[in-house]
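Presented below is the structure to which this report refers.
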Amino acid sequence: MVLAAAMTSDCVKQDEVYAPPYQRRPMAGPDTSRLKHFVAMNDPDAPAHFIRHINERLESGLWRWTAQHPRLRFVLPRNPGRLKLVMDFTIPGDVMKQTGPLTVKFFLNQRDLETVTFTQPGEQHKEWPVDPAWLAAEDNVLGADLSKVFVGEDGAQLGLALVRAGFVN
């Protein structure tokens, strides 16, 4: 009888045991956690928005120099509603003395917004309505192409004194 009980115990089906699956981290993309829809140049997270041609150094606690082809990236909230794109900057008198009139082409995500020729130095406020079809799900790139820049004795390119830029309602 003991032998019969021992033989039947081998016939009990046991669940198969598997190791837990290997835990993988998601593929790392660019860290967009500090990106906003609007940024002032004196914001501590402003450099996270710079793609190229914007100086890391903050001037007078307020603005940063651009070079000839500045690019900034922005992340928008879902369903942002009707937006305007704004950019505040100054064309310094010393820059314009060397360059003469300055033509600037502004664009959003490779779509032309406006081309303007500035003949006088000073503060500028530019504002454009944004067609929602122009917006990207991820990064939205605001760019400006300057016709020329001031080139300092040290070779530094100085274009606009950028104060703030981004999307507003």
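In the structure tokens, chains take letters A, B, ... by order of appearance, with residues numbered from 1 within each chain and ligands from 1 in the order shown.
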For segment 124-157 of chain A against segment 54-65 of chain A, with a cut-off of 12 Å and counting only C-alpha atoms, what is the closest atom pair and its distance in Å to one decimal for every residue that makes the cut, ordered by chain and number, as CSV?
```
residue,atom,partner,partner_atom,distance
A:Gly143,CA,A:Ile54,CA,10.9
A:Ala144,CA,A:Ile54,CA,11.0
A:Val149,CA,A:Trp65,CA,10.8
A:Phe150,CA,A:Trp65,CA,10.9
A:Ala156,CA,A:Trp65,CA,10.0
A:Gln157,CA,A:Trp65,CA,8.5
```
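The protein and nucleic acid residues lying at most 10 Å from His125 of chain A are Val86, Met87, Asp88, Phe89, Thr90, Glu123, Glu127, Val163, Arg164 and Ala165 of chain A, with only C-alpha atoms considered and sequence neighbours fewer than 2 positions away removed.
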Restricting it to C-alpha atoms, dump the selection as a PDB file, in the first residue's frame.
```
ATOM      1  CA  VAL A  86       6.350  85.368 -29.633  1.00  0.00           C
ATOM      2  CA  MET A  87       9.968  86.427 -29.588  1.00  0.00           C
ATOM      3  CA  ASP A  88      11.441  89.432 -27.762  1.00  0.00           C
ATOM      4  CA  PHE A  89      14.948  90.566 -28.591  1.00  0.00           C
ATOM      5  CA  THR A  90      17.118  93.625 -29.079  1.00  0.00           C
ATOM      6  CA  GLU A 123      14.009  96.443 -28.769  1.00  0.00           C
ATOM      7  CA  GLU A 127       4.302  87.839 -32.691  1.00  0.00           C
ATOM      8  CA  VAL A 163      15.287  88.007 -24.090  1.00  0.00           C
ATOM      9  CA  ARG A 164      12.429  85.477 -24.348  1.00  0.00           C
ATOM     10  CA  ALA A 165      10.569  83.298 -26.822  1.00  0.00           C
TER      11      ALA A 165
END
```
Please identify which residues in segment 67-157 of chain A DSSP calls helix (DSSP H, G or I) from the backbone, and express them as a PyMOL selection string.
-> chain A and resi 93-99+132-134
Selection to disk with N, CA and C atoms, as a compact mmCIF listing (two decimals), in the first residue's frame:
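Written output follows (again_1.txt):
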```
# COMPACT_ATOMS: atom_id res chain seq x y z
N GLY A 93 22.85 98.63 -30.93
CA GLY A 93 23.38 99.66 -31.83
C GLY A 93 24.77 99.32 -32.34
N ASP A 94 25.63 98.76 -31.47
CA ASP A 94 26.99 98.43 -31.90
C ASP A 94 26.99 97.34 -32.98
N VAL A 95 26.05 96.42 -32.90
CA VAL A 95 25.94 95.38 -33.92
C VAL A 95 25.54 96.02 -35.25
N MET A 96 24.52 96.87 -35.20
CA MET A 96 24.03 97.47 -36.43
C MET A 96 25.04 98.45 -37.05
N LYS A 97 25.89 99.06 -36.23
CA LYS A 97 26.93 99.94 -36.78
C LYS A 97 27.87 99.15 -37.68
N GLN A 98 28.17 97.91 -37.30
CA GLN A 98 29.08 97.10 -38.10
C GLN A 98 28.35 96.41 -39.26
N THR A 99 27.13 95.92 -39.01
CA THR A 99 26.46 95.12 -40.04
C THR A 99 25.62 95.94 -41.00
N PRO A 132 -2.47 75.30 -36.03
CA PRO A 132 -2.25 74.04 -35.29
C PRO A 132 -1.65 72.92 -36.16
N ALA A 133 -1.88 72.96 -37.45
CA ALA A 133 -1.32 71.93 -38.34
C ALA A 133 0.20 72.03 -38.43
N TRP A 134 0.76 73.15 -38.05
CA TRP A 134 2.21 73.34 -38.11
C TRP A 134 2.93 72.75 -36.91
```
Residue nearest Ala46 of chain A - candidates A:Arg73, A:Thr66, A:Phe107, A:Leu135, atoms counted: only C-alpha atoms = A:Arg73
In chain A, what's strand (DSSP E) per DSSP? Answer as a PyMOL selection string?
-> chain A and resi 38-40+50-54+64-75+83-91+102-108+111-118+122-130+139-146+150-151+157-158+161-168
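Taking atom CA of Leu102 of chain A and atom CA of Pro129 of chain A as endpoints, the distance between them is 23.4 Å.
All residues of protein, DNA or RNA that reach within 7 Å of Val141 of chain A, judged by only C-alpha atoms and not counting those fewer than 3 positions away in the chain, are Arg71, Leu72, Arg73, Phe74, Leu108 and Asn109 of chain A.
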Work out how far atom CA of Ala48 of chain A is from atom CA of Leu76 of chain A, in Å to one decimal.
-> 14.6 Å
Near Phe167 of chain A, within 7 Å and counting only C-alpha atoms, which residues show up once chain neighbours fewer than 6 positions away are dropped, as a list in words?
-> His37, Phe38, Leu83, Lys84, Leu85 and Val86 of chain A
Prev. selection, C-alpha atoms, output as a compact mmCIF listing (two decimals), in the first residue's frame:
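Contents of out_17.txt, as written:
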```
# COMPACT_ATOMS: atom_id res chain seq x y z
CA HIS A 37 6.24 76.10 -24.07
CA PHE A 38 7.78 79.50 -23.28
CA LEU A 83 -1.51 79.77 -29.79
CA LYS A 84 0.68 82.66 -30.78
CA LEU A 85 4.42 82.45 -31.10
CA VAL A 86 6.35 85.37 -29.63
```
If we count only C-alpha atoms, what is near Gly81 of chain A at a cut-off of 10 Å, once residues fewer than 4 positions away on the same chain are taken out, given as a PyMOL selection string?
-> chain A and resi 77+132+168-169
Please save N, CA and C atoms of the selected residues as a PDB file, in the first residue's frame.
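The resulting selection_2.pdb:
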```
ATOM      1  N   PRO A  77       1.839  71.532 -24.255  1.00  0.00           N
ATOM      2  CA  PRO A  77       0.898  70.627 -23.590  1.00  0.00           C
ATOM      3  C   PRO A  77      -0.058  70.034 -24.619  1.00  0.00           C
ATOM      4  N   PRO A 132      -2.466  75.297 -36.030  1.00  0.00           N
ATOM      5  CA  PRO A 132      -2.252  74.036 -35.295  1.00  0.00           C
ATOM      6  C   PRO A 132      -1.654  72.922 -36.157  1.00  0.00           C
ATOM      7  N   VAL A 168       2.335  81.385 -26.493  1.00  0.00           N
ATOM      8  CA  VAL A 168       1.392  81.943 -25.520  1.00  0.00           C
ATOM      9  C   VAL A 168      -0.017  81.817 -26.097  1.00  0.00           C
ATOM     10  N   ASN A 169      -1.010  81.882 -25.222  1.00  0.00           N
ATOM     11  CA  ASN A 169      -2.418  81.845 -25.673  1.00  0.00           C
ATOM     12  C   ASN A 169      -2.874  83.238 -26.034  1.00  0.00           C
TER      13      ASN A 169
END
```
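The shortest atom-to-atom distance to His53 of chain A, with only C-alpha atoms taken into account, belongs to A:Ala67 out of A:Ala67, A:Leu142, A:Leu162, A:Ala40.
Considering the residues A:Ser147, A:Gln110, A:Asn140, A:Thr103 and counting only C-alpha atoms, Val75 of chain A has its shortest atom-to-atom contact with A:Asn140.
Taking atom CA of Leu160 of chain A and atom CA of Trp128 of chain A as the two end points, the separation is 18.5 Å.
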